[in-house]
$ cat model.tsv   # TSV, C-alpha atoms and all ligand atoms
chain	number	residue	atom	x	y	z
A	88	MET	CA	-23.42	-136.24	117.57
A	89	ARG	CA	-20.81	-134.05	115.89
A	90	TYR	CA	-18.76	-136.93	114.57
A	91	ASP	CA	-19.12	-140.71	114.51
A	92	LEU	CA	-16.12	-142.01	116.40
A	93	THR	CA	-17.23	-145.63	116.08
A	94	ALA	CA	-17.38	-145.43	112.27
A	95	MET	CA	-14.08	-143.53	112.11
A	96	THR	CA	-12.39	-146.18	114.27
A	97	ARG	CA	-13.74	-148.99	112.12
A	98	ARG	CA	-12.24	-147.33	109.05
A	99	ALA	CA	-8.95	-146.48	110.76
A	100	LYS	CA	-8.01	-149.78	112.33
A	101	ASN	CA	-10.52	-152.55	111.66
A	102	PRO	CA	-10.84	-153.41	115.37
A	103	LYS	CA	-10.74	-157.07	116.33
A	104	ARG	CA	-12.54	-156.63	119.63
A	105	LYS	CA	-16.30	-156.05	119.83
A	106	THR	CA	-15.87	-153.15	122.27
A	107	ILE	CA	-13.26	-150.56	123.19
A	108	THR	CA	-13.48	-148.71	126.49
A	109	ILE	CA	-11.92	-145.24	126.58
A	110	ARG	CA	-9.54	-144.91	129.50
A	111	ASP	CA	-10.47	-143.05	132.67
A	112	ILE	CA	-9.75	-139.33	132.92
A	113	ARG	CA	-9.17	-138.33	136.51
A	114	PRO	CA	-8.99	-134.62	137.35
A	115	PRO	CA	-5.96	-133.71	139.50
A	116	SER	CA	-6.83	-132.20	142.89
A	117	THR	CA	-4.53	-129.23	142.15
A	118	PHE	CA	-7.41	-127.79	140.10
A	119	ALA	CA	-9.61	-127.84	143.21
A	120	ALA	CA	-6.84	-126.22	145.26
A	121	ASP	CA	-6.50	-123.51	142.58
A	122	LEU	CA	-10.24	-122.83	142.60
A	123	TYR	CA	-10.19	-122.48	146.38
A	124	ARG	CA	-7.13	-120.24	146.37
A	125	GLN	CA	-8.24	-117.98	143.52
A	126	ALA	CA	-11.98	-117.66	144.19
A	127	TYR	CA	-12.77	-118.55	147.80
A	128	LYS	CA	-9.69	-117.70	149.85
A	129	PRO	CA	-9.89	-113.93	149.12
A	130	VAL	CA	-13.39	-113.98	150.67
A	131	ILE	CA	-12.21	-115.88	153.74
A	132	ASP	CA	-9.29	-113.43	154.02
A	133	ILE	CA	-11.59	-110.39	154.04
A	134	TRP	CA	-13.61	-111.77	156.95
A	135	THR	CA	-10.53	-113.01	158.81
A	136	GLU	CA	-9.02	-109.53	158.61
A	137	ALA	CA	-12.29	-107.93	159.74
A	138	LEU	CA	-12.42	-109.95	162.97
A	139	PRO	CA	-10.00	-107.89	165.16
A	140	GLY	CA	-11.93	-104.66	164.42
A	141	ILE	CA	-15.26	-106.36	165.09
A	142	VAL	CA	-13.97	-107.79	168.39
A	143	THR	CA	-12.60	-104.38	169.49
A	144	GLU	CA	-15.98	-102.76	168.89
A	145	TYR	CA	-17.70	-105.68	170.58
A	146	ALA	CA	-15.54	-105.25	173.68
A	147	ARG	CA	-16.50	-101.55	173.87
A	148	THR	CA	-20.18	-102.22	173.24
A	149	VAL	CA	-20.49	-105.01	175.80
A	150	VAL	CA	-19.07	-102.90	178.70
A	151	MET	CA	-21.32	-99.95	177.83
A	152	THR	CA	-24.30	-102.37	177.51
A	153	GLN	CA	-25.55	-100.44	174.52
A	154	ASP	CA	-28.74	-101.52	172.83
A	155	SER	CA	-27.60	-100.72	169.34
A	156	PRO	CA	-24.14	-101.98	168.38
A	157	ALA	CA	-23.72	-99.33	165.67
A	158	ASP	CA	-19.92	-99.43	165.63
A	159	ILE	CA	-19.91	-103.20	165.13
A	160	GLU	CA	-22.29	-102.73	162.21
A	161	ALA	CA	-19.86	-100.20	160.73
A	162	GLN	CA	-17.05	-102.81	160.87
A	163	MET	CA	-19.31	-105.35	159.17
A	164	LEU	CA	-20.23	-102.85	156.47
A	165	GLU	CA	-16.57	-102.17	155.78
A	166	ALA	CA	-15.93	-105.89	155.25
A	167	GLU	CA	-18.96	-106.05	152.99
A	168	ARG	CA	-17.70	-103.07	151.03
A	169	GLN	CA	-14.40	-104.89	150.45
A	170	PHE	CA	-16.30	-107.98	149.36
A	171	SER	CA	-18.35	-105.96	146.85
A	172	ILE	CA	-15.09	-104.74	145.27
A	173	LEU	CA	-13.78	-108.30	145.17
A	174	ALA	CA	-17.11	-109.49	143.71
A	175	LEU	CA	-16.39	-107.53	140.52
A	176	THR	CA	-13.47	-109.84	139.73
A	177	ILE	CA	-15.00	-113.18	140.81
A	178	THR	CA	-16.60	-113.94	137.45
A	179	PRO	CA	-13.43	-113.42	135.34
A	180	THR	CA	-11.38	-115.34	137.94
A	181	ILE	CA	-13.69	-118.36	137.83
A	182	GLU	CA	-13.98	-118.07	134.07
A	183	ARG	CA	-10.19	-118.36	133.67
A	184	TRP	CA	-10.18	-121.37	135.96
A	185	ALA	CA	-13.03	-123.07	134.06
A	186	LEU	CA	-11.28	-122.49	130.72
A	187	ARG	CA	-8.08	-124.06	132.05
A	188	VAL	CA	-10.02	-127.10	133.29
A	189	GLU	CA	-11.79	-127.38	129.92
A	190	SER	CA	-8.53	-127.19	127.99
A	191	TRP	CA	-6.95	-129.82	130.23
A	192	GLN	CA	-9.97	-132.12	129.95
A	193	ARG	CA	-10.11	-131.73	126.16
A	194	GLY	CA	-6.41	-132.62	125.85
A	195	LYS	CA	-6.84	-135.70	128.02
A	196	TRP	CA	-9.91	-136.79	126.05
A	197	ARG	CA	-8.04	-136.37	122.76
A	198	GLY	CA	-5.15	-138.46	124.11
A	199	ALA	CA	-7.45	-141.15	125.49
A	200	VAL	CA	-9.36	-141.40	122.19
A	201	LEU	CA	-6.12	-141.50	120.20
A	202	SER	CA	-4.65	-144.34	122.22
A	203	ALA	CA	-7.92	-146.31	122.19
A	204	THR	CA	-8.77	-145.87	118.50
A	205	THR	CA	-5.75	-144.35	116.65
A	206	VAL	CA	-8.15	-141.57	115.54
A	207	ASP	CA	-6.96	-138.02	116.23
A	208	ILE	CA	-9.97	-135.82	117.03
A	209	GLY	CA	-7.79	-132.80	117.90
A	210	THR	CA	-9.04	-130.53	115.12
A	211	MET	CA	-12.66	-131.63	115.49
A	212	ILE	CA	-13.29	-130.40	119.02
A	213	GLY	CA	-12.90	-126.99	120.63
A	214	PRO	CA	-13.96	-124.99	123.69
A	215	SER	CA	-16.97	-123.47	121.92
A	216	ASP	CA	-18.73	-126.88	121.73
A	217	VAL	CA	-19.08	-126.88	125.52
A	218	ARG	CA	-19.75	-123.17	126.01
A	219	GLN	CA	-23.14	-123.70	127.66
A	220	THR	CA	-21.79	-126.21	130.17
A	221	LEU	CA	-18.94	-123.86	131.05
A	222	GLU	CA	-21.23	-120.85	131.42
A	223	ALA	CA	-23.59	-122.75	133.70
A	224	ALA	CA	-20.65	-123.93	135.84
A	225	ILE	CA	-19.17	-120.43	136.02
A	226	ASN	CA	-22.47	-118.82	137.04
A	227	TYR	CA	-23.09	-121.49	139.64
A	228	ASN	CA	-19.63	-121.03	141.16
A	229	VAL	CA	-19.98	-117.26	141.30
A	230	ALA	CA	-23.23	-117.74	143.23
A	231	LEU	CA	-21.49	-120.18	145.59
A	232	VAL	CA	-18.68	-117.71	146.38
A	233	LYS	CA	-21.25	-115.01	147.14
A	234	ASP	CA	-23.15	-117.45	149.31
A	235	VAL	CA	-20.00	-118.27	151.32
A	236	SER	CA	-19.52	-114.56	152.09
A	237	ALA	CA	-23.20	-114.06	152.97
A	238	GLU	CA	-23.06	-117.08	155.25
A	239	VAL	CA	-20.00	-115.84	157.15
A	240	ARG	CA	-21.68	-112.48	157.58
A	241	ARG	CA	-24.88	-114.08	158.88
A	242	ARG	CA	-23.03	-116.27	161.35
A	243	ILE	CA	-20.85	-113.41	162.59
A	244	THR	CA	-23.98	-111.30	163.21
A	245	THR	CA	-25.65	-114.14	165.14
A	246	THR	CA	-22.51	-114.69	167.24
A	247	ILE	CA	-22.26	-110.95	168.05
A	248	TYR	CA	-25.92	-110.62	169.09
A	249	ASP	CA	-25.79	-113.83	171.15
A	250	GLY	CA	-22.65	-112.46	172.84
A	251	LEU	CA	-24.28	-109.13	173.65
A	252	ARG	CA	-27.43	-110.80	174.93
A	253	GLY	CA	-25.46	-113.16	177.14
A	254	ASN	CA	-22.97	-110.44	178.16
A	255	LYS	CA	-20.14	-112.70	177.04
A	256	PRO	CA	-16.54	-111.53	177.45
A	257	ALA	CA	-14.86	-110.31	174.24
A	258	ARG	CA	-12.23	-113.07	174.48
A	259	GLU	CA	-14.90	-115.77	174.28
A	260	VAL	CA	-16.71	-114.07	171.39
A	261	ALA	CA	-13.40	-113.66	169.54
A	262	LYS	CA	-12.87	-117.41	169.78
A	263	GLU	CA	-16.36	-118.12	168.50
A	264	LEU	CA	-15.87	-115.73	165.57
A	265	ARG	CA	-12.62	-117.44	164.57
A	266	ALA	CA	-14.49	-120.77	164.60
A	267	VAL	CA	-17.17	-119.24	162.34
A	268	VAL	CA	-14.58	-118.26	159.73
A	269	GLU	CA	-12.79	-121.62	160.03
A	270	LEU	CA	-16.08	-123.41	159.35
A	271	SER	CA	-16.66	-121.40	156.18
A	272	LYS	CA	-13.08	-122.04	155.09
A	273	ALA	CA	-13.57	-125.80	155.48
A	274	ARG	CA	-16.87	-125.58	153.59
A	275	SER	CA	-15.20	-123.63	150.76
A	276	ILE	CA	-12.46	-126.25	150.38
A	277	ARG	CA	-15.11	-128.98	150.12
A	278	ILE	CA	-17.12	-126.92	147.61
A	279	ALA	CA	-14.06	-126.37	145.39
A	280	SER	CA	-13.31	-130.09	145.25
A	281	ASP	CA	-16.95	-130.92	144.55
A	282	GLN	CA	-17.21	-128.29	141.82
A	283	LEU	CA	-14.16	-129.74	140.07
A	284	ALA	CA	-15.85	-133.17	140.02
A	285	LYS	CA	-19.06	-131.62	138.69
A	286	ILE	CA	-17.53	-129.60	135.87
A	287	THR	CA	-15.22	-132.41	134.72
A	288	SER	CA	-17.97	-135.04	134.71
A	289	ALA	CA	-20.30	-132.71	132.80
A	290	LEU	CA	-17.54	-132.04	130.24
A	291	ALA	CA	-16.73	-135.75	129.94
A	292	ASP	CA	-20.40	-136.56	129.26
A	293	GLU	CA	-20.58	-133.88	126.62
A	294	ARG	CA	-17.37	-134.94	124.84
A	295	ARG	CA	-18.54	-138.55	124.80
A	296	ARG	CA	-21.96	-137.71	123.33
A	297	GLU	CA	-20.31	-135.41	120.78
A	298	ALA	CA	-18.42	-138.50	119.53
A	299	GLY	CA	-21.69	-140.38	119.24
A	300	LEU	CA	-20.91	-142.72	122.15
A	301	MET	CA	-24.16	-143.34	124.00
A	302	ILE	CA	-22.98	-146.35	125.99
A	303	TRP	CA	-20.73	-145.78	128.99
A	304	GLN	CA	-19.35	-147.63	131.96
A	305	TRP	CA	-19.77	-146.49	135.56
A	306	LEU	CA	-16.47	-146.17	137.40
A	307	HIS	CA	-16.77	-145.98	141.17
A	308	SER	CA	-14.87	-143.19	142.95
A	309	GLY	CA	-13.17	-145.48	145.46
A	310	LYS	CA	-13.60	-142.70	148.03
A	311	LYS	CA	-13.63	-143.52	151.74
A	312	ASN	CA	-17.15	-142.12	152.09
A	313	TYR	CA	-19.15	-143.46	149.18
A	314	ARG	CA	-22.73	-144.25	148.25
A	315	GLU	CA	-23.59	-147.97	148.37
A	316	GLU	CA	-25.76	-147.61	145.27
A	317	HIS	CA	-22.84	-146.05	143.35
A	318	LEU	CA	-20.47	-148.87	144.31
A	319	ALA	CA	-23.15	-151.30	143.11
A	320	ARG	CA	-23.05	-149.59	139.67
A	321	ASN	CA	-19.28	-150.03	139.27
A	322	GLY	CA	-18.37	-151.68	135.97
A	323	PHE	CA	-21.92	-151.81	134.61
A	324	TYR	CA	-22.87	-150.43	131.21
A	325	TYR	CA	-25.44	-147.64	130.85
A	326	SER	CA	-26.81	-145.88	127.81
A	327	ASP	CA	-28.16	-142.41	127.13
A	328	ASN	CA	-30.13	-143.99	124.29
A	329	PRO	CA	-33.23	-145.92	125.49
A	330	LYS	CA	-32.92	-148.18	122.41
A	331	ASP	CA	-29.73	-149.72	123.84
A	332	VAL	CA	-31.35	-150.75	127.11
A	333	GLY	CA	-31.49	-154.52	127.48
A	334	ARG	CA	-28.80	-155.22	124.87
A	335	VAL	CA	-26.12	-157.60	126.08
A	336	ILE	CA	-22.61	-156.28	125.50
A	337	ASP	CA	-19.49	-158.00	126.87
A	338	GLY	CA	-21.89	-160.27	128.77
A	339	LYS	CA	-23.43	-157.27	130.53
A	340	LYS	CA	-27.01	-156.10	130.12
A	341	VAL	CA	-27.10	-152.38	129.25
A	342	LYS	CA	-29.10	-150.39	131.81
A	343	PRO	CA	-30.90	-147.08	131.44
A	344	ALA	CA	-28.79	-144.10	132.58
A	345	PRO	CA	-29.60	-143.46	136.26
A	346	GLU	CA	-31.15	-140.14	137.20
A	347	ASP	CA	-28.18	-139.10	139.33
A	348	ARG	CA	-25.30	-139.01	136.88
A	349	VAL	CA	-21.67	-139.60	137.85
A	350	GLY	CA	-20.18	-136.75	139.85
A	351	GLN	CA	-23.47	-134.88	140.23
A	352	LYS	CA	-24.50	-135.83	143.78
A	353	PRO	CA	-22.57	-133.93	146.47
A	354	PHE	CA	-18.97	-135.20	146.77
A	355	CYS	CA	-19.70	-138.17	144.48
A	356	GLY	CA	-16.41	-138.40	142.53
A	357	CYS	CA	-17.55	-141.37	140.42
A	358	ARG	CA	-16.66	-141.13	136.72
A	359	SER	CA	-17.86	-142.53	133.41
A	360	GLN	CA	-15.93	-144.16	130.59
A	361	GLY	CA	-17.21	-144.09	127.02
A	362	VAL	CA	-17.55	-147.47	125.30
A	363	LEU	CA	-17.27	-148.02	121.55
A	364	VAL	CA	-19.43	-150.92	120.38
A	365	PHE	CA	-18.82	-152.55	116.98
A	366	ASP	CA	-21.76	-154.61	115.76
B	401	ZN	ZN	-20.50	-141.69	143.36
$ encode --input "model.tsv" --output "structure tokens"
Amino acid sequence: MRYDLTAMTRRAKNPKRKTITIRDIRPPSTFAADLYRQAYKPVIDIWTEALPGIVTEYARTVVMTQDSPADIEAQMLEAERQFSILALTITPTIERWALRVESWQRGKWRGAVLSATTVDIGTMIGPSDVRQTLEAAINYNVALVKDVSAEVRRRITTTIYDGLRGNKPAREVAKELRAVVELSKARSIRIASDQLAKITSALADERRREAGLMIWQWLHSGKKNYREEHLARNGFYYSDNPKDVGRVIDGKKVKPAPEDRVGQKPFCGCRSQGVLVFD
């Protein structure tokens, strides 16, 4: 705990209620779209642009029934070379994105705390408090971008070799290759949205604990595809402090924090709300 928000609130406004729940902070999907556009799309573009050259070499190789498709390999290597140049800028690109998300989240948290408690925490929190969380998220996202490129490359290679083995016409292989890239594009868009949920929920947890708030409320995502067990947690109180477990607050029995935290399972999208408790 860096500061005791509950004690500060008690001094600032002598709250009449026994609890105050901090309002929900919902990340806008534009952040996910930005992450896709800035970090993943350039990778998809490299492989999209490599396809015509690969297909041309495939067409030549398949009529000559060569054993070793050396010219196709050369096209693949050229795309990989372009990716390795791009790879040099992935870390700073994702870093800038993560810092923007952090700054947005911090501003929203400050506003939510202010309206709930009248306490302004603006000067008490900064980006350096969450440096470790940001670094972990940045490193993880850099690895994901590299994995997307490696996966496209692997699938293109498989498609080419299957085509050569089956003597498939170039037209058919071209279609399959476009589908390969489309699949990776769809996967990247899903990853970007999931990564936004993960970084914002990790930041929210950290900001809440920094304020000394151990008790929080589970807020279900309301997504079309959801986990039954997450819907069942909606509105219940949880605590990061085992000593709180079993206490009855607002008529609800405080439960131990579940192992899968909000937003951490793939495409979860659930969120948590900090709860101030005045005893
Ligand atoms: Zn969920």
$ residues_near_ligand --input "model.tsv" --ligand "ligand ZN 401 (chain B)" --cutoff "12 Å" --atoms "all atoms listed in the file" --output "MDAnalysis selection string"
chainID A and resid 281 284:285 288 305:321 345 347:359
$ atom_distance --input "model.tsv" --atom1 "CA of Thr96 in chain A" --atom2 "CA of Asn328 in chain A"
20.5 Å
$ closest_atom_pairs --input "model.tsv" --of "range 168-208 of chain A" --to "range 108-127 of chain A" --cutoff "7 Å" --atoms "all atoms listed in the file" --output "CSV"
residue,atom,partner,partner_atom,distance
A:Ile177,CA,A:Ala126,CA,6.4
A:Thr180,CA,A:Ala126,CA,6.7
A:Ile181,CA,A:Ala126,CA,6.6
A:Trp184,CA,A:Leu122,CA,6.8
A:Lys195,CA,A:Ile112,CA,6.8
A:Ala199,CA,A:Arg110,CA,5.9
A:Val200,CA,A:Ile109,CA,6.4
A:Ala203,CA,A:Ile109,CA,6.0
$ closest_residue --input "model.tsv" --among "A:Arg294, A:Arg147, A:Lys339, A:Arg241" --to "Gln192 in chain A" --atoms "only C-alpha atoms"
A:Arg294
$ atom_distance --input "model.tsv" --atom1 "CA of Leu92 in chain A" --atom2 "CA of Gly299 in chain A"
6.5 Å
$ closest_residue --input "model.tsv" --among "A:Trp196, A:Tyr325, A:Tyr227, A:Trp303" --to "Leu363 in chain A" --atoms "all atoms listed in the file"
A:Trp303
$ closest_residue --input "model.tsv" --among "A:Leu221, A:Leu251, A:Val235, A:Ala344" --to "Glu269 in chain A" --atoms "all atoms listed in the file"
A:Val235
$ atom_distance --input "model.tsv" --atom1 "CA of Glu238 in chain A" --atom2 "CA of Ser171 in chain A"
14.7 Å
$ closest_residue --input "model.tsv" --among "A:Leu186, A:Asn254, A:Lys103, A:Arg89" --to "Ile286 in chain A" --atoms "only C-alpha atoms"
A:Leu186
$ closest_residue --input "model.tsv" --among "A:Val335, A:Met88, A:Val142, A:Met95" --to "Asp207 in chain A" --atoms "all atoms listed in the file"
A:Met95
$ closest_residue --input "model.tsv" --among "A:Leu264, A:Ala237, A:Leu270, A:Val229" --to "Gln282 in chain A" --atoms "all atoms listed in the file"
A:Val229
$ residues_near_point --input "model.tsv" --point "(-13.4, -155.5, 118.8)" --cutoff "12 Å" --atoms "only C-alpha atoms" --output "list in words"
Thr93, Thr96, Arg97, Lys100, Asn101, Pro102, Lys103, Arg104, Lys105, Thr106, Ile107, Thr108, Ala203, Thr204, Ile336, Asp337, Val362, Leu363, Val364, Phe365 and Asp366 of chain A
$ residues_around --input "model.tsv" --residues "Ile159 in chain A" --least-positions-apart "4" --cutoff "7 Å" --atoms "all atoms listed in the file" --output "PDB file with C-alpha atoms, keeping the file's coordinate frame"
ATOM      1  CA  ILE A 141     -15.260-106.360 165.090  1.00  0.00           C
ATOM      2  CA  GLU A 144     -15.980-102.760 168.890  1.00  0.00           C
ATOM      3  CA  TYR A 145     -17.700-105.680 170.580  1.00  0.00           C
ATOM      4  CA  MET A 163     -19.310-105.350 159.170  1.00  0.00           C
TER       5      MET A 163
END
$ residues_around --input "model.tsv" --residues "Glu189 in chain A" --least-positions-apart "5" --cutoff "8 Å" --atoms "only C-alpha atoms" --output "list in words"
Pro214, Thr287 and Leu290 of chain A
$ axis_aligned_box --input "model.tsv" --around "range 190-201 of chain A" --padding-each-side "5 Å" --output "JSON"
{"center_x": -7.6, "center_y": -134.3, "center_z": 125.2, "size_x": 15.0, "size_y": 24.3, "size_z": 20.0}
$ residues_around --input "model.tsv" --residues "Lys330 in chain A" --least-positions-apart "3" --cutoff "10 Å" --atoms "only C-alpha atoms" --output "list in words"
Ser326, Asp327, Gly333, Arg334, Val341 and Pro343 of chain A
$ residues_around --input "model.tsv" --residues "Asp249 in chain A" --least-positions-apart "4" --cutoff "12 Å" --atoms "all atoms listed in the file" --output "PDB file with C-alpha atoms, in the coordinates of the input"
ATOM      1  CA  TYR A 145     -17.700-105.680 170.580  1.00  0.00           C
ATOM      2  CA  VAL A 149     -20.490-105.010 175.800  1.00  0.00           C
ATOM      3  CA  ARG A 242     -23.030-116.270 161.350  1.00  0.00           C
ATOM      4  CA  ILE A 243     -20.850-113.410 162.590  1.00  0.00           C
ATOM      5  CA  THR A 244     -23.980-111.300 163.210  1.00  0.00           C
ATOM      6  CA  THR A 245     -25.650-114.140 165.140  1.00  0.00           C
ATOM      7  CA  GLY A 253     -25.460-113.160 177.140  1.00  0.00           C
ATOM      8  CA  ASN A 254     -22.970-110.440 178.160  1.00  0.00           C
ATOM      9  CA  LYS A 255     -20.140-112.700 177.040  1.00  0.00           C
ATOM     10  CA  PRO A 256     -16.540-111.530 177.450  1.00  0.00           C
ATOM     11  CA  ALA A 257     -14.860-110.310 174.240  1.00  0.00           C
ATOM     12  CA  GLU A 259     -14.900-115.770 174.280  1.00  0.00           C
ATOM     13  CA  VAL A 260     -16.710-114.070 171.390  1.00  0.00           C
ATOM     14  CA  GLU A 263     -16.360-118.120 168.500  1.00  0.00           C
ATOM     15  CA  LEU A 264     -15.870-115.730 165.570  1.00  0.00           C
TER      16      LEU A 264
END
$ decode --input "model.tsv" --residues "range 329-359 of chain A" --atoms "N, CA and C atoms" --output "CSV table (one decimal), in the first residue's frame"
chain,number,residue,atom,x,y,z
A,329,PRO,N,-6.4,-12.6,2.8
A,329,PRO,CA,-7.1,-13.8,3.4
A,329,PRO,C,-7.9,-13.5,4.7
A,330,LYS,N,-7.5,-12.4,5.4
A,330,LYS,CA,-8.1,-12.1,6.7
A,330,LYS,C,-9.6,-11.6,6.5
A,331,ASP,N,-9.8,-11.1,5.3
A,331,ASP,CA,-11.2,-10.5,5.0
A,331,ASP,C,-12.2,-11.6,4.7
A,332,VAL,N,-11.7,-12.8,4.3
A,332,VAL,CA,-12.5,-13.9,3.8
A,332,VAL,C,-13.5,-14.3,4.9
A,333,GLY,N,-14.8,-14.3,4.5
A,333,GLY,CA,-15.8,-14.7,5.5
A,333,GLY,C,-16.5,-13.5,6.2
A,334,ARG,N,-15.9,-12.3,6.1
A,334,ARG,CA,-16.6,-11.1,6.6
A,334,ARG,C,-17.9,-10.9,5.8
A,335,VAL,N,-18.9,-10.3,6.4
A,335,VAL,CA,-20.1,-10.0,5.7
A,335,VAL,C,-20.1,-8.5,5.5
A,336,ILE,N,-20.1,-8.1,4.2
A,336,ILE,CA,-20.1,-6.7,3.9
A,336,ILE,C,-21.3,-6.4,2.9
A,337,ASP,N,-22.1,-5.4,3.2
A,337,ASP,CA,-23.3,-5.2,2.4
A,337,ASP,C,-24.2,-6.5,2.2
A,338,GLY,N,-24.2,-7.3,3.2
A,338,GLY,CA,-25.0,-8.5,3.2
A,338,GLY,C,-24.3,-9.6,2.3
A,339,LYS,N,-23.1,-9.4,1.9
A,339,LYS,CA,-22.4,-10.4,1.0
A,339,LYS,C,-21.2,-10.9,1.8
A,340,LYS,N,-21.0,-12.2,1.7
A,340,LYS,CA,-19.9,-12.8,2.3
A,340,LYS,C,-18.6,-12.7,1.4
A,341,VAL,N,-17.6,-12.1,2.0
A,341,VAL,CA,-16.3,-11.9,1.2
A,341,VAL,C,-15.7,-13.3,0.9
A,342,LYS,N,-15.4,-13.5,-0.4
A,342,LYS,CA,-14.8,-14.7,-0.8
A,342,LYS,C,-13.3,-14.5,-1.1
A,343,PRO,N,-12.5,-15.6,-1.1
A,343,PRO,CA,-11.1,-15.5,-1.4
A,343,PRO,C,-11.0,-15.2,-2.9
A,344,ALA,N,-10.0,-14.4,-3.3
A,344,ALA,CA,-9.8,-14.1,-4.7
A,344,ALA,C,-9.6,-15.3,-5.5
A,345,PRO,N,-10.3,-15.5,-6.6
A,345,PRO,CA,-10.2,-16.8,-7.4
A,345,PRO,C,-8.8,-16.8,-8.1
A,346,GLU,N,-8.4,-18.0,-8.5
A,346,GLU,CA,-7.1,-18.1,-9.1
A,346,GLU,C,-7.0,-17.4,-10.5
A,347,ASP,N,-8.1,-17.5,-11.2
A,347,ASP,CA,-8.1,-16.8,-12.5
A,347,ASP,C,-8.7,-15.4,-12.3
A,348,ARG,N,-7.9,-14.4,-12.3
A,348,ARG,CA,-8.3,-13.1,-12.0
A,348,ARG,C,-9.1,-12.5,-13.2
A,349,VAL,N,-9.8,-11.4,-13.0
A,349,VAL,CA,-10.6,-10.8,-14.1
A,349,VAL,C,-9.6,-10.4,-15.3
A,350,GLY,N,-10.1,-10.7,-16.4
A,350,GLY,CA,-9.4,-10.4,-17.7
A,350,GLY,C,-8.2,-11.2,-18.0
A,351,GLN,N,-7.9,-12.2,-17.2
A,351,GLN,CA,-6.6,-13.0,-17.4
A,351,GLN,C,-6.9,-14.2,-18.3
A,352,LYS,N,-8.0,-14.8,-18.2
A,352,LYS,CA,-8.3,-16.0,-19.1
A,352,LYS,C,-8.5,-15.4,-20.5
A,353,PRO,N,-8.2,-16.2,-21.5
A,353,PRO,CA,-8.3,-15.7,-22.9
A,353,PRO,C,-9.7,-15.1,-23.2
A,354,PHE,N,-9.7,-13.9,-23.7
A,354,PHE,CA,-10.9,-13.2,-24.1
A,354,PHE,C,-12.0,-13.0,-23.0
A,355,CYS,N,-11.5,-12.9,-21.7
A,355,CYS,CA,-12.4,-12.8,-20.6
A,355,CYS,C,-13.2,-11.5,-20.6
A,356,GLY,N,-12.5,-10.4,-20.4
A,356,GLY,CA,-13.2,-9.1,-20.5
A,356,GLY,C,-14.0,-8.7,-19.2
A,357,CYS,N,-14.0,-9.6,-18.2
A,357,CYS,CA,-14.6,-9.2,-16.9
A,357,CYS,C,-13.7,-8.1,-16.3
A,358,ARG,N,-14.2,-7.3,-15.4
A,358,ARG,CA,-13.4,-6.3,-14.7
A,358,ARG,C,-13.7,-6.3,-13.2
A,359,SER,N,-12.8,-5.6,-12.5
A,359,SER,CA,-13.0,-5.5,-11.0
A,359,SER,C,-13.3,-4.1,-10.6
